Every structure is written in structure tokens, then in C-alpha cells.
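Engineer: Provided herewith: structure-v7.cif, mmCIF, C-alpha atoms.
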data_upload
#
loop_
_atom_site.label_atom_id
_atom_site.label_comp_id
_atom_site.auth_asym_id
_atom_site.auth_seq_id
_atom_site.Cartn_x
_atom_site.Cartn_y
_atom_site.Cartn_z
CA MET B 215 23.33 9.03 -7.38
CA ALA B 216 24.75 7.75 -4.07
CA LYS B 217 26.82 10.92 -3.75
CA ARG B 218 23.90 13.21 -4.51
CA LEU B 219 21.88 11.50 -1.80
CA LEU B 220 24.49 11.59 0.89
CA SER B 221 23.49 14.82 2.64
CA PHE B 222 19.85 13.81 2.41
CA THR B 223 20.57 10.38 3.89
CA ARG B 224 22.47 11.93 6.80
CA LEU B 225 19.43 14.01 7.62
CA VAL B 226 17.20 10.94 7.56
CA GLN B 227 19.53 9.12 9.91
CA GLY B 228 19.65 12.04 12.31
CA VAL B 229 17.07 13.14 14.84
CA ASN B 230 15.74 16.05 12.83
CA VAL B 231 13.89 13.99 10.23
CA SER B 232 10.95 16.37 10.13
CA ALA B 233 13.23 19.12 8.82
CA VAL B 234 13.54 17.24 5.50
CA THR B 235 11.09 19.20 3.41
CA SER B 236 10.06 18.35 -0.14
CA THR B 237 12.18 21.23 -1.42
CA MET B 238 15.27 19.82 0.28
CA VAL B 239 14.60 16.39 -1.24
CA TRP B 240 15.09 17.78 -4.73
CA GLU B 241 17.87 20.25 -3.88
CA HIS B 242 20.36 18.29 -6.04
CA VAL B 243 18.22 18.98 -9.14
CA GLN B 244 19.43 21.95 -11.20
CA PRO B 245 18.26 24.38 -12.49
CA ALA B 246 15.56 25.56 -10.07
CA ALA B 247 12.93 25.36 -12.84
CA ALA B 248 13.56 21.60 -13.27
CA ARG B 249 13.25 21.21 -9.50
CA ARG B 250 9.93 23.08 -9.44
CA LEU B 251 8.64 20.80 -12.21
CA LEU B 252 9.56 17.66 -10.23
CA THR B 253 7.89 18.98 -7.08
CA GLY B 254 4.82 19.96 -9.10
CA ALA B 255 4.72 16.52 -10.74
CA VAL B 256 4.92 14.68 -7.40
CA ASP B 257 2.06 16.76 -5.99
CA ALA B 258 -0.09 16.40 -9.12
CA PHE B 259 0.50 12.63 -9.45
CA ALA B 260 -0.25 12.13 -5.74
CA GLU B 261 -3.44 14.20 -5.89
CA ARG B 262 -4.97 13.12 -9.19
CA GLY B 263 -2.95 10.09 -10.31
CA TYR B 264 -0.48 9.92 -13.21
CA GLN B 265 -3.06 9.28 -15.95
CA ALA B 266 -5.29 12.22 -14.99
CA THR B 267 -2.36 14.66 -14.79
CA THR B 268 -1.42 16.68 -17.89
CA THR B 269 1.93 18.33 -18.60
CA ARG B 270 -0.09 21.58 -18.52
CA ASP B 271 -1.09 20.85 -14.87
CA ILE B 272 2.54 20.23 -13.92
CA ALA B 273 3.86 23.31 -15.75
CA SER B 274 1.16 25.44 -14.14
CA ARG B 275 2.13 24.25 -10.64
CA ALA B 276 5.72 25.26 -11.45
CA GLY B 277 4.56 28.67 -12.71
CA MET B 278 5.65 27.82 -16.27
CA SER B 279 4.16 27.34 -19.72
CA PRO B 280 3.64 23.80 -21.08
CA ALA B 281 6.28 24.53 -23.75
CA ALA B 282 8.83 25.49 -21.08
CA LEU B 283 8.35 22.08 -19.42
CA TYR B 284 9.69 20.32 -22.53
CA VAL B 285 12.96 22.27 -22.27
CA HIS B 286 13.67 20.23 -19.13
CA TYR B 287 11.77 16.95 -19.61
CA PRO B 288 10.80 15.35 -22.92
CA SER B 289 7.58 13.83 -21.54
CA LYS B 290 5.32 13.32 -18.53
CA GLU B 291 6.64 9.75 -18.31
CA ARG B 292 10.20 11.08 -18.00
CA LEU B 293 9.16 13.10 -14.95
CA LEU B 294 7.60 9.97 -13.40
CA PHE B 295 10.77 8.03 -14.17
CA GLU B 296 12.97 10.68 -12.49
CA ILE B 297 10.71 10.61 -9.41
CA SER B 298 10.71 6.81 -9.38
CA LEU B 299 14.48 6.59 -9.83
CA TYR B 300 15.05 9.12 -7.09
CA GLY B 301 12.60 7.48 -4.69
CA HIS B 302 13.97 3.98 -5.17
CA ASN B 303 17.61 5.10 -4.95
CA ALA B 304 16.89 7.14 -1.83
CA ALA B 305 15.16 4.18 -0.15
CA LEU B 306 18.05 1.86 -1.09
CA GLU B 307 20.61 4.36 0.21
CA VAL B 308 18.66 4.69 3.48
CA LEU B 309 18.84 0.90 3.93
CA ARG B 310 22.54 0.66 3.04
CA SER B 311 23.54 3.52 5.34
CA ALA B 312 21.55 1.92 8.17
CA ASP B 313 23.08 -1.54 7.65
CA ARG B 314 25.34 -1.41 10.68
CA GLY B 315 25.56 -3.04 14.09
CA ALA B 316 27.28 -5.89 15.90
CA GLY B 317 24.93 -8.64 14.67
CA ALA B 318 21.93 -9.39 12.48
CA PRO B 319 19.32 -8.23 15.05
CA GLU B 320 20.97 -4.79 15.42
CA ARG B 321 21.39 -4.46 11.63
CA LEU B 322 17.78 -5.45 10.94
CA ARG B 323 16.44 -3.06 13.58
CA SER B 324 18.54 -0.20 12.27
CA MET B 325 17.45 -0.78 8.67
CA VAL B 326 13.73 -1.24 9.41
CA SER B 327 13.73 1.83 11.64
CA ALA B 328 15.33 4.07 8.97
CA PHE B 329 13.29 2.58 6.10
CA THR B 330 10.00 3.05 7.98
CA ALA B 331 10.87 6.63 9.00
CA TRP B 332 11.73 7.42 5.37
CA HIS B 333 8.35 6.13 4.15
CA ALA B 334 6.52 8.17 6.80
CA GLU B 335 8.46 11.34 6.09
CA HIS B 336 8.28 10.98 2.31
CA HIS B 337 4.84 9.39 2.07
CA THR B 338 3.80 11.52 -0.91
CA ILE B 339 6.83 10.57 -3.01
CA ALA B 340 6.59 6.96 -1.82
CA ARG B 341 2.94 6.69 -2.88
CA VAL B 342 3.69 7.97 -6.39
CA VAL B 343 6.70 5.65 -6.62
CA GLN B 344 4.79 2.56 -5.47
CA TYR B 345 1.37 3.10 -7.04
CA GLU B 346 2.37 4.39 -10.49
CA LEU B 347 4.95 1.71 -11.43
CA ALA B 348 2.67 0.41 -14.20
CA ALA B 349 2.82 3.81 -15.96
CA LEU B 350 6.60 3.57 -16.55
CA SER B 351 7.83 2.56 -20.00
CA PRO B 352 9.11 -1.05 -20.19
CA GLU B 353 12.74 0.19 -20.39
CA HIS B 354 12.35 2.48 -17.39
CA LEU B 355 10.54 -0.21 -15.41
CA THR B 356 13.48 -2.55 -16.07
CA GLU B 357 15.89 0.06 -14.64
CA VAL B 358 13.74 0.57 -11.56
CA ALA B 359 13.35 -3.20 -11.07
CA VAL B 360 17.13 -3.49 -10.65
CA ILE B 361 16.98 -1.08 -7.69
CA ARG B 362 13.94 -2.89 -6.27
CA ARG B 363 15.89 -6.16 -6.32
CA ALA B 364 18.80 -4.46 -4.54
CA ILE B 365 16.37 -3.23 -1.85
CA SER B 366 15.05 -6.77 -1.33
CA ALA B 367 18.58 -8.21 -1.31
CA GLN B 368 19.52 -5.84 1.51
CA ILE B 369 16.84 -7.30 3.81
CA GLU B 370 17.17 -10.88 2.56
CA GLN B 371 20.91 -10.81 3.36
CA VAL B 372 20.48 -9.72 6.97
CA LEU B 373 17.75 -12.34 7.49
CA ALA B 374 20.02 -15.04 5.99
CA ASP B 375 22.92 -13.87 8.19
CA GLY B 376 20.68 -14.02 11.25
CA VAL B 377 19.52 -17.54 10.38
CA ALA B 378 23.15 -18.67 9.86
CA ALA B 379 24.05 -17.27 13.31
CA ASP B 380 20.99 -18.95 14.93
CA GLU B 381 19.67 -15.51 15.87
CA PHE B 382 16.68 -15.72 13.50
CA ALA B 383 14.28 -18.54 12.62
CA VAL B 384 12.72 -17.98 9.19
CA SER B 385 10.66 -20.64 7.41
CA ASP B 386 10.21 -18.75 4.11
CA LEU B 387 13.10 -16.38 3.38
CA PRO B 388 11.75 -14.60 0.24
CA GLY B 389 8.23 -14.39 1.70
CA THR B 390 9.47 -12.99 5.01
CA THR B 391 11.77 -10.52 3.23
CA LEU B 392 8.78 -9.24 1.27
CA ALA B 393 6.67 -9.01 4.44
CA VAL B 394 9.31 -6.97 6.31
CA LEU B 395 9.63 -4.52 3.39
CA SER B 396 5.87 -4.42 2.86
CA LEU B 397 5.22 -3.49 6.49
CA SER B 398 7.40 -0.37 6.12
CA ILE B 399 6.29 0.57 2.61
CA ASP B 400 2.60 0.50 3.53
CA VAL B 401 3.29 3.27 6.05
CA ALA B 402 3.23 5.62 3.03
CA ARG B 403 -0.43 4.70 2.37
CA TRP B 404 -1.83 5.67 5.77
CA TYR B 405 0.73 8.02 7.31
CA THR B 406 -0.21 11.57 8.26
CA PRO B 407 1.78 13.65 10.78
CA HIS B 408 -0.94 13.29 13.45
CA ARG B 409 -0.10 9.55 13.55
CA GLY B 410 3.11 10.37 15.40
CA ASP B 411 6.64 11.24 14.42
CA PRO B 412 8.52 9.12 11.89
CA SER B 413 11.36 8.12 14.22
CA THR B 414 9.00 6.81 16.96
CA LEU B 415 7.15 4.81 14.31
CA GLY B 416 10.50 3.52 13.02
CA LYS B 417 11.41 2.21 16.48
CA LEU B 418 8.05 0.41 16.87
CA TYR B 419 8.42 -1.20 13.43
CA ALA B 420 12.02 -2.23 14.14
CA ASP B 421 10.74 -4.06 17.20
CA LEU B 422 7.82 -5.70 15.32
CA ALA B 423 10.06 -6.81 12.43
CA HIS B 424 12.64 -8.22 14.83
CA ARG B 425 9.95 -10.20 16.66
CA MET B 426 8.69 -11.56 13.32
CA VAL B 427 12.00 -13.34 12.74
CA GLN B 428 13.75 -13.88 16.05
CA ALA B 429 14.70 -17.44 16.97
CA MET D 535 -25.11 -6.36 3.77
CA ALA D 536 -23.90 -9.17 6.06
CA LYS D 537 -26.52 -11.49 4.58
CA ARG D 538 -25.61 -10.64 1.00
CA LEU D 539 -21.97 -11.44 1.72
CA LEU D 540 -22.55 -14.73 3.45
CA SER D 541 -22.11 -17.08 0.50
CA PHE D 542 -19.10 -15.08 -0.62
CA THR D 543 -17.51 -15.24 2.82
CA ARG D 544 -18.02 -19.00 3.00
CA LEU D 545 -16.08 -19.35 -0.21
CA VAL D 546 -13.25 -17.22 1.13
CA GLN D 547 -13.08 -19.34 4.28
CA GLY D 548 -13.04 -22.57 2.30
CA VAL D 549 -10.17 -24.14 0.40
CA ASN D 550 -11.38 -23.10 -3.04
CA VAL D 551 -10.53 -19.41 -2.71
CA SER D 552 -9.26 -19.18 -6.27
CA ALA D 553 -12.75 -20.03 -7.54
CA VAL D 554 -14.01 -16.64 -6.36
CA THR D 555 -14.00 -14.72 -9.63
CA SER D 556 -14.72 -11.04 -10.00
CA THR D 557 -18.13 -11.90 -11.47
CA MET D 558 -19.05 -13.90 -8.38
CA VAL D 559 -17.99 -11.02 -6.14
CA TRP D 560 -20.75 -8.85 -7.58
CA GLU D 561 -23.35 -11.58 -8.01
CA HIS D 562 -25.62 -9.97 -5.40
CA VAL D 563 -25.92 -6.85 -7.60
CA GLN D 564 -29.06 -6.76 -9.75
CA PRO D 565 -29.79 -6.21 -12.60
CA ALA D 566 -26.92 -7.63 -14.65
CA ALA D 567 -26.32 -4.24 -16.30
CA ALA D 568 -25.58 -2.64 -12.89
CA ARG D 569 -23.21 -5.53 -12.14
CA ARG D 570 -21.38 -5.05 -15.46
CA LEU D 571 -20.98 -1.34 -14.64
CA LEU D 572 -19.44 -2.09 -11.24
CA THR D 573 -17.02 -4.62 -12.74
CA GLY D 574 -16.12 -2.13 -15.49
CA ALA D 575 -15.60 0.64 -12.93
CA VAL D 576 -13.28 -1.51 -10.77
CA ASP D 577 -11.16 -2.42 -13.81
CA ALA D 578 -11.04 1.16 -15.12
CA PHE D 579 -10.22 2.71 -11.72
CA ALA D 580 -7.50 0.09 -11.13
CA GLU D 581 -5.95 0.60 -14.57
CA ARG D 582 -6.13 4.38 -14.98
CA GLY D 583 -7.08 5.74 -11.56
CA TYR D 584 -10.41 7.29 -10.55
CA GLN D 585 -9.66 10.80 -11.81
CA ALA D 586 -8.60 9.68 -15.29
CA THR D 587 -11.66 7.45 -15.75
CA THR D 588 -14.78 8.88 -17.39
CA THR D 589 -18.32 7.55 -17.12
CA ARG D 590 -18.00 6.97 -20.89
CA ASP D 591 -15.03 4.58 -20.24
CA ILE D 592 -17.06 2.65 -17.68
CA ALA D 593 -20.19 2.46 -19.82
CA SER D 594 -18.12 1.32 -22.79
CA ARG D 595 -16.54 -1.52 -20.74
CA ALA D 596 -20.07 -2.61 -19.80
CA GLY D 597 -21.17 -2.45 -23.45
CA MET D 598 -23.55 0.42 -22.71
CA SER D 599 -24.07 4.06 -23.63
CA PRO D 600 -23.03 6.79 -21.16
CA ALA D 601 -26.71 7.74 -20.78
CA ALA D 602 -27.62 4.15 -19.82
CA LEU D 603 -25.07 4.30 -16.97
CA TYR D 604 -27.04 7.09 -15.28
CA VAL D 605 -30.13 4.85 -15.14
CA HIS D 606 -28.22 2.75 -12.58
CA TYR D 607 -25.77 5.17 -10.91
CA PRO D 608 -26.16 8.95 -10.61
CA SER D 609 -22.41 9.62 -10.82
CA LYS D 610 -18.91 8.17 -11.14
CA GLU D 611 -18.44 8.89 -7.43
CA ARG D 612 -21.49 6.76 -6.61
CA LEU D 613 -19.85 3.79 -8.38
CA LEU D 614 -16.67 4.33 -6.35
CA PHE D 615 -18.73 4.54 -3.17
CA GLU D 616 -20.52 1.24 -3.96
CA ILE D 617 -17.16 -0.44 -4.62
CA SER D 618 -15.67 1.04 -1.45
CA LEU D 619 -18.67 0.07 0.66
CA TYR D 620 -18.64 -3.46 -0.74
CA GLY D 621 -14.87 -3.87 -0.29
CA HIS D 622 -14.85 -2.60 3.28
CA ASN D 623 -17.91 -4.62 4.31
CA ALA D 624 -16.49 -7.77 2.71
CA ALA D 625 -13.15 -7.34 4.51
CA LEU D 626 -14.95 -6.75 7.84
CA GLU D 627 -17.15 -9.78 7.29
CA VAL D 628 -14.08 -11.91 6.50
CA LEU D 629 -12.51 -10.84 9.82
CA ARG D 630 -15.70 -11.41 11.84
CA SER D 631 -16.33 -14.86 10.34
CA ALA D 632 -12.72 -15.83 11.05
CA ASP D 633 -12.81 -14.62 14.68
CA ARG D 634 -12.99 -18.07 16.24
CA GLY D 635 -10.73 -20.35 18.21
CA ALA D 636 -9.97 -21.37 21.78
CA GLY D 637 -7.78 -18.38 22.63
CA ALA D 638 -6.39 -15.09 21.34
CA PRO D 639 -3.50 -16.71 19.38
CA GLU D 640 -5.87 -19.00 17.43
CA ARG D 641 -8.33 -16.15 16.81
CA LEU D 642 -5.58 -13.79 15.61
CA ARG D 643 -4.07 -16.43 13.31
CA SER D 644 -7.46 -17.27 11.84
CA MET D 645 -8.31 -13.61 11.21
CA VAL D 646 -4.94 -12.63 9.73
CA SER D 647 -4.93 -15.70 7.51
CA ALA D 648 -8.40 -14.97 6.08
CA PHE D 649 -7.81 -11.19 5.81
CA THR D 650 -4.51 -11.70 3.95
CA ALA D 651 -5.99 -14.30 1.59
CA TRP D 652 -8.85 -11.91 0.82
CA HIS D 653 -6.45 -9.08 -0.07
CA ALA D 654 -4.46 -11.41 -2.34
CA GLU D 655 -7.54 -12.82 -4.06
CA HIS D 656 -9.24 -9.43 -4.44
CA HIS D 657 -6.15 -7.30 -4.95
CA THR D 658 -7.78 -5.26 -7.74
CA ILE D 659 -10.81 -4.29 -5.66
CA ALA D 660 -8.61 -3.75 -2.60
CA ARG D 661 -6.31 -1.37 -4.47
CA VAL D 662 -9.22 0.77 -5.67
CA VAL D 663 -10.74 0.73 -2.18
CA GLN D 664 -7.49 1.71 -0.44
CA TYR D 665 -5.93 4.13 -2.93
CA GLU D 666 -9.02 6.11 -4.00
CA LEU D 667 -10.44 6.95 -0.55
CA ALA D 668 -9.68 10.65 -1.09
CA ALA D 669 -12.03 10.72 -4.11
CA LEU D 670 -15.11 9.87 -2.00
CA SER D 671 -17.48 12.68 -1.04
CA PRO D 672 -17.16 13.78 2.62
CA GLU D 673 -20.51 12.07 3.46
CA HIS D 674 -19.49 8.81 1.80
CA LEU D 675 -16.05 8.90 3.40
CA THR D 676 -17.72 9.27 6.80
CA GLU D 677 -19.80 6.12 6.13
CA VAL D 678 -16.73 4.16 5.04
CA ALA D 679 -14.73 5.40 8.04
CA VAL D 680 -17.26 3.71 10.35
CA ILE D 681 -16.51 0.34 8.72
CA ARG D 682 -12.75 1.04 8.82
CA ARG D 683 -13.00 1.63 12.58
CA ALA D 684 -14.92 -1.66 12.98
CA ILE D 685 -12.13 -3.46 11.07
CA SER D 686 -9.50 -1.99 13.41
CA ALA D 687 -11.61 -2.78 16.47
CA GLN D 688 -11.73 -6.44 15.43
CA ILE D 689 -7.92 -6.76 15.58
CA GLU D 690 -7.45 -4.43 18.55
CA GLN D 691 -9.90 -6.55 20.59
CA VAL D 692 -8.08 -9.84 20.00
CA LEU D 693 -4.74 -8.18 20.82
CA ALA D 694 -6.20 -6.73 24.05
CA ASP D 695 -7.69 -10.14 24.95
CA GLY D 696 -4.31 -11.79 24.35
CA VAL D 697 -2.55 -9.22 26.55
CA ALA D 698 -5.13 -9.73 29.32
CA ALA D 699 -4.53 -13.50 29.16
CA ASP D 700 -0.71 -13.02 29.19
CA GLU D 701 -0.53 -14.66 25.77
CA PHE D 702 0.56 -11.46 24.00
CA ALA D 703 3.00 -8.69 24.94
CA VAL D 704 2.13 -5.45 23.13
CA SER D 705 3.78 -2.14 23.99
CA ASP D 706 1.65 0.04 21.67
CA LEU D 707 -1.84 -1.38 21.12
CA PRO D 708 -3.16 1.06 18.43
CA GLY D 709 0.21 1.10 16.62
CA THR D 710 0.47 -2.70 16.60
CA THR D 711 -3.17 -3.06 15.49
CA LEU D 712 -2.43 -0.78 12.54
CA ALA D 713 0.76 -2.71 11.71
CA VAL D 714 -1.03 -6.09 11.69
CA LEU D 715 -3.76 -4.74 9.37
CA SER D 716 -1.22 -2.89 7.23
CA LEU D 717 0.83 -6.06 6.65
CA SER D 718 -2.21 -7.81 5.16
CA ILE D 719 -3.58 -4.82 3.25
CA ASP D 720 -0.28 -4.15 1.48
CA VAL D 721 -0.53 -7.61 -0.08
CA ALA D 722 -2.98 -5.98 -2.53
CA ARG D 723 -0.20 -3.68 -3.80
CA TRP D 724 2.27 -6.37 -4.84
CA TYR D 725 0.24 -9.55 -5.21
CA THR D 726 0.08 -11.40 -8.52
CA PRO D 727 -0.89 -15.08 -8.81
CA HIS D 728 2.72 -16.12 -9.56
CA ARG D 729 3.60 -15.06 -5.99
CA GLY D 730 1.82 -18.17 -4.66
CA ASP D 731 -1.71 -19.03 -3.69
CA PRO D 732 -3.66 -16.80 -1.29
CA SER D 733 -4.18 -19.44 1.39
CA THR D 734 -0.44 -20.30 1.65
CA LEU D 735 0.31 -16.60 1.94
CA GLY D 736 -2.41 -16.28 4.58
CA LYS D 737 -0.77 -19.00 6.70
CA LEU D 738 2.68 -17.34 6.48
CA TYR D 739 1.20 -13.97 7.49
CA ALA D 740 -0.76 -15.55 10.37
CA ASP D 741 2.54 -16.88 11.68
CA LEU D 742 4.37 -13.56 11.22
CA ALA D 743 1.57 -11.55 12.89
CA HIS D 744 1.43 -13.98 15.81
CA ARG D 745 5.19 -13.71 16.30
CA MET D 746 4.91 -9.89 16.27
CA VAL D 747 2.77 -9.97 19.41
CA GLN D 748 3.40 -13.20 21.30
CA ALA D 749 4.55 -12.91 24.90
#
What does the file become when written as C-alpha cells?

Structural biologist:
Amino acid sequence: MAKRLLSFTRLVQGVNVSAVTSTMVWEHVQPAAARRLLTGAVDAFAERGYQATTTRDIASRAGMSPAALYVHYPSKERLLFEISLYGHNAALEVLRSADRGAGAPERLRSMVSAFTAWHAEHHTIARVVQYELAALSPEHLTEVAVIRRAISAQIEQVLADGVAADEFAVSDLPGTTLAVLSLSIDVARWYTPHRGDPSTLGKLYADLAHRMVQA
Amino acid sequence: MAKRLLSFTRLVQGVNVSAVTSTMVWEHVQPAAARRLLTGAVDAFAERGYQATTTRDIASRAGMSPAALYVHYPSKERLLFEISLYGHNAALEVLRSADRGAGAPERLRSMVSAFTAWHAEHHTIARVVQYELAALSPEHLTEVAVIRRAISAQIEQVLADGVAADEFAVSDLPGTTLAVLSLSIDVARWYTPHRGDPSTLGKLYADLAHRMVQA
């Protein structure tokens, strides 16, 4: 998965974030019909919610018959799982790639900036990923929970490193980790392009998150 | 509306936040059948999403026939609007009641603490209110948007007052206002009682929000 995401992650890190279209997000998915089904599923889940979406709706958005959908995905839940797996892995990869800098403040700022920009740019995927977790099967939820813990660990580690170096003062490490992540994730709920470009928002949030923890 | 919410708001401000049950939230709604329909609608919308919920589902949760529902509410959308109106007015009232203290830092801490605790305690209502906005009719959305702007104005004013008194340093006033609100609102997405009690969470978030803006 990390390999498949590499070109995507480079784009996110670069200046031209707005060039990452929803088609490019799924460009690693082959064949094209499977990719059209994933795109259709994201749009349908975001518009109507997972429960109100039928496999017929998704197939129709992809210009296919319901029967043709099952050639690629055994169920509607499997499509949600693929979207969830992709979204979580992409967000984790964005954090890991951005975990660089001389000290904890630089690393935190770089990660929050990239993570926030990702949630602005991919707000439709992020909403489906965050709001439809309860619709995953228990086995699939367990798989996704592993990635969610890795995402938290990424932020918790930099906060702990900053505390150890007397650069950060944090009274509640798990609670503050959750707050830092939550601030960026909630961007997906309210973001629309007229709110400004993702990278400017990322810089503001990097500053706010740094101030939340600095010694 | 402010009058109807008064007893509720007092409870939220007090120590016994966990005593506010979902039945008590709707206690101002009469007759009891209308109240049962609202409670049923909140639970159904939260579980399955607005689009996947039928008036039959809601009536059945309230122990009523679908026809009996229409005696109280003309449509499923009207139920969503009542929930949305209640949720937004309650959140605004929580902020206004908490806007007290000697200076901007005390006022901000008091408001963020109460607003966060409300979103933890009423996470089910808050999720429906925040995630189903797009399902409101244009006229109803316009009404709700007025309350949303009043909620933002409440935080923006205390930040502006703090800047004027050299207590806060804020580079982007609308962006920081949105971030402070967003931090508390996203609590509704991830909160479950095992994450700690709402008032402890409120105190942590008051501290984090204050650090985000202090000079």
C-alpha cells in the first residue's frame, strides 16, 4: 500500500495540492471499471449515506449493471472497506512522509500542515471514512483500527519527544494527541474550496497545534 | 426558545452533566407522543442516516403507526428541522450562558469548556445536527444558518476582545474562530463515555483553546 501511495503522497506534499483530483486518487486501482465503481461509491455514500445507497446506485454512477459490480466487489460493504482502507492508509502515509525536521516543533508543524491539507483536499473521502466506520464488518473494522492506532501513535510520539526535550508542555498526552488529530480531521466536515486553499489552512493549523503544546 | 432551554442549560453548567438524559433534552416537547417521535428520529438518523430512515422506522420506534406520525409532523424533513433547530439553539444558549468572567481568557475558557461538554454529552444529537445539514430544505437551512452565525459570533467576539486587550495574539480571526469551534464540535464524532467524563474533557479543551490564542 505504501508503494501505491507514493506518487499521491508526493503530490500532497508539493505545492500543487489542488491538482489531486478524485480520479488521480484512485489511479492505482485496476481495471478502470473497478476504479469507476470506487469513485461512484464515494460520491453516493457522501451524498446519501452508506445505508441509503444501493449497489444499483453505485453501478449506475459507474455506467454499469448491478451484476457487473459483483465481478469486481462481492458486496457494498467491501467497497466501503476499500475506501476506508485507502483513506486511512493515505492519511497515515501523509503523516509519516511529513515527519521530518530538526526537532519536535518542526516535525509537529510539518505533520499537522500536511494532515490538515489532506483532509481539506479529500474532504469527501474523509467524510465517508470517518462517518461510516460503524457500517464496516467487525473484521474490517479491526483492520482499520490498526491503522487508526498507527495514526495516533505518529502524533503521540512527536508530542512525547517534544516533552522529553522540554520543547512541549503537555498535561494529558492521549487527550492532547486526540485533540490535535481531531482539529485536522474536522476540516473534512466543513471544508469547501471557498474557505481557502488547503495549504494555507494547513499552515494556520500547524501554528495552532504548535501553540496548543509549546512549553 | 431561550426560555424553554433554561432549565436544560442550568443542568449543563452544573456538575451533574451526566444526569441530562435524552428524555430530559426533549422534555419541553408536548405531547409525549411528539417527544417520542423526536427521540426515535434522533436515534434512527444517527444509526442509519437521514436518507435511509423512513417515517415508518421513526413511528415504529415511538410505538406508533406511520399515519399517527403525520398528526404531529408533516414530514421526515420537519423532524430533522426540529432536531437541528433544537441542537443549534441549545449549543448557542450553552455558549451565551457560559460567556462570563473578568476578562477574555476566563470567558473563552468558560465557553469552550461548556461547549465541549455539551458536544460530549449530546454526541448523538450533535452528530445528526452536524452531518445531516444538507438534508434540510433551503428555507430551513437558511433559518439554521442564522443560529450558526450567532454561534461563531460568540467566539469571534471574545477572541477580538482578547486581542484588543493584548491578552490574545490571533493572526487569522475567522480561521481561528472556526478552529476553536471545530475542536469542540468534533468531540461528537469520537466521544463515547469510556473516553472520560464531559466536564473533564471540557477543562482540557478550555486549556488547549486558550493556549491556541494566548499572547

Engineer: Residues of chain B within 10 Å of chain D, counting all atoms listed in the file - could you list those as a VMD selection string?

Structural biologist: chain B and resid 261 to 267 341 344 to 346 348 to 349 384 to 386 389 to 390 392 to 401 403 to 404 409 to 410 415 418 to 419 421 to 428

Engineer: With the PyMOL selection byres ((chain B and resi 376) around 9) as the selection, what would be picked from this file? Answer as a list in words, please.

Structural biologist: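 When the PyMOL selection byres ((chain B and resi 376) around 9) is applied to the shown file, the picked residues are Gly317, Ala318, Pro319, Gln371, Val372, Leu373, Ala374, Asp375, Val377, Ala378, Ala379, Asp380, Glu381, Phe382, Ala383, Val427, Gln428 and Ala429 of chain B.
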
Engineer: So that I have them on file, write out the residues from the current selection with C-alpha atoms, as a short mmCIF file (atom, residue, chain, number, x, y, z; two decimals), keeping the file's coordinate frame.

Structural biologist:
data_model
loop_
_atom_site.label_atom_id
_atom_site.label_comp_id
_atom_site.auth_asym_id
_atom_site.auth_seq_id
_atom_site.Cartn_x
_atom_site.Cartn_y
_atom_site.Cartn_z
CA GLY B 317 24.93 -8.64 14.67
CA ALA B 318 21.93 -9.39 12.48
CA PRO B 319 19.32 -8.23 15.05
CA GLN B 371 20.91 -10.81 3.36
CA VAL B 372 20.48 -9.72 6.97
CA LEU B 373 17.75 -12.34 7.49
CA ALA B 374 20.02 -15.04 5.99
CA ASP B 375 22.92 -13.87 8.19
CA VAL B 377 19.52 -17.54 10.38
CA ALA B 378 23.15 -18.67 9.86
CA ALA B 379 24.05 -17.27 13.31
CA ASP B 380 20.99 -18.95 14.93
CA GLU B 381 19.67 -15.51 15.87
CA PHE B 382 16.68 -15.72 13.50
CA ALA B 383 14.28 -18.54 12.62
CA VAL B 427 12.00 -13.34 12.74
CA GLN B 428 13.75 -13.88 16.05
CA ALA B 429 14.70 -17.44 16.97
#

Engineer: Output the residue selection produced by the PyMOL selection byres ((chain B and resi 247) around 10) on the file above, formatted as number ranges by chain.

Structural biologist: B: 243-246, 248-253, 273, 276-278, 282-283, 285-286

Engineer: Keeping C-alpha atoms, export the residues of the selection given above as a PDB file, keeping the file's coordinate frame.

Structural biologist:
ATOM      1  CA  VAL B 243      18.220  18.980  -9.140  1.00  0.00           C
ATOM      2  CA  GLN B 244      19.430  21.950 -11.200  1.00  0.00           C
ATOM      3  CA  PRO B 245      18.260  24.380 -12.490  1.00  0.00           C
ATOM      4  CA  ALA B 246      15.560  25.560 -10.070  1.00  0.00           C
ATOM      5  CA  ALA B 248      13.560  21.600 -13.270  1.00  0.00           C
ATOM      6  CA  ARG B 249      13.250  21.210  -9.500  1.00  0.00           C
ATOM      7  CA  ARG B 250       9.930  23.080  -9.440  1.00  0.00           C
ATOM      8  CA  LEU B 251       8.640  20.800 -12.210  1.00  0.00           C
ATOM      9  CA  LEU B 252       9.560  17.660 -10.230  1.00  0.00           C
ATOM     10  CA  THR B 253       7.890  18.980  -7.080  1.00  0.00           C
ATOM     11  CA  ALA B 273       3.860  23.310 -15.750  1.00  0.00           C
ATOM     12  CA  ALA B 276       5.720  25.260 -11.450  1.00  0.00           C
ATOM     13  CA  GLY B 277       4.560  28.670 -12.710  1.00  0.00           C
ATOM     14  CA  MET B 278       5.650  27.820 -16.270  1.00  0.00           C
ATOM     15  CA  ALA B 282       8.830  25.490 -21.080  1.00  0.00           C
ATOM     16  CA  LEU B 283       8.350  22.080 -19.420  1.00  0.00           C
ATOM     17  CA  VAL B 285      12.960  22.270 -22.270  1.00  0.00           C
ATOM     18  CA  HIS B 286      13.670  20.230 -19.130  1.00  0.00           C
TER      19      HIS B 286
END

Engineer: Thr269 of chain B: which residues within 9 Å, counting all atoms listed in the file, same-chain residues fewer than 4 positions away excluded, as a list of chain:residue names?

Structural biologist: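 Residues near the query, excluding close chain neighbours: B:Ala255, B:Ala273, B:Ser274, B:Pro280, B:Leu283, B:Tyr284, B:Ser289, B:Lys290.
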
Engineer: Quick one: pull the distance between atom CA of Glu655 of chain D and atom CA of Leu642 of chain D, Å, one decimal.

Structural biologist: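 Taking atom CA of Glu655 of chain D as the start and atom CA of Leu642 of chain D as the end point, the length is 19.8 Å.
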
Engineer: Tell me, as a short mmCIF file (atom, residue, chain, number, x, y, z; two decimals) with C-alpha atoms, keeping the file's coordinate frame, which residues lie within 12 Å of Arg362 of chain B, counting all atoms listed in the file; anything in the same chain fewer than 5 positions away does not count.

Structural biologist:
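Okay, this is what ended up in result-v8.cif:
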data_model
loop_
_atom_site.label_atom_id
_atom_site.label_comp_id
_atom_site.auth_asym_id
_atom_site.auth_seq_id
_atom_site.Cartn_x
_atom_site.Cartn_y
_atom_site.Cartn_z
CA SER B 298 10.71 6.81 -9.38
CA LEU B 299 14.48 6.59 -9.83
CA GLY B 301 12.60 7.48 -4.69
CA HIS B 302 13.97 3.98 -5.17
CA ASN B 303 17.61 5.10 -4.95
CA ALA B 304 16.89 7.14 -1.83
CA ALA B 305 15.16 4.18 -0.15
CA LEU B 306 18.05 1.86 -1.09
CA GLU B 307 20.61 4.36 0.21
CA LEU B 309 18.84 0.90 3.93
CA VAL B 343 6.70 5.65 -6.62
CA GLN B 344 4.79 2.56 -5.47
CA LEU B 347 4.95 1.71 -11.43
CA LEU B 355 10.54 -0.21 -15.41
CA THR B 356 13.48 -2.55 -16.07
CA GLU B 357 15.89 0.06 -14.64
CA ALA B 367 18.58 -8.21 -1.31
CA GLN B 368 19.52 -5.84 1.51
CA ILE B 369 16.84 -7.30 3.81
CA LEU B 392 8.78 -9.24 1.27
CA LEU B 395 9.63 -4.52 3.39
#

Engineer: Quick check, in Å to one decimal: how far apart do atom CA of Leu387 of chain B and atom CA of Glu370 of chain B lie?

Structural biologist: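 These two atoms are separated by 6.9 Å.
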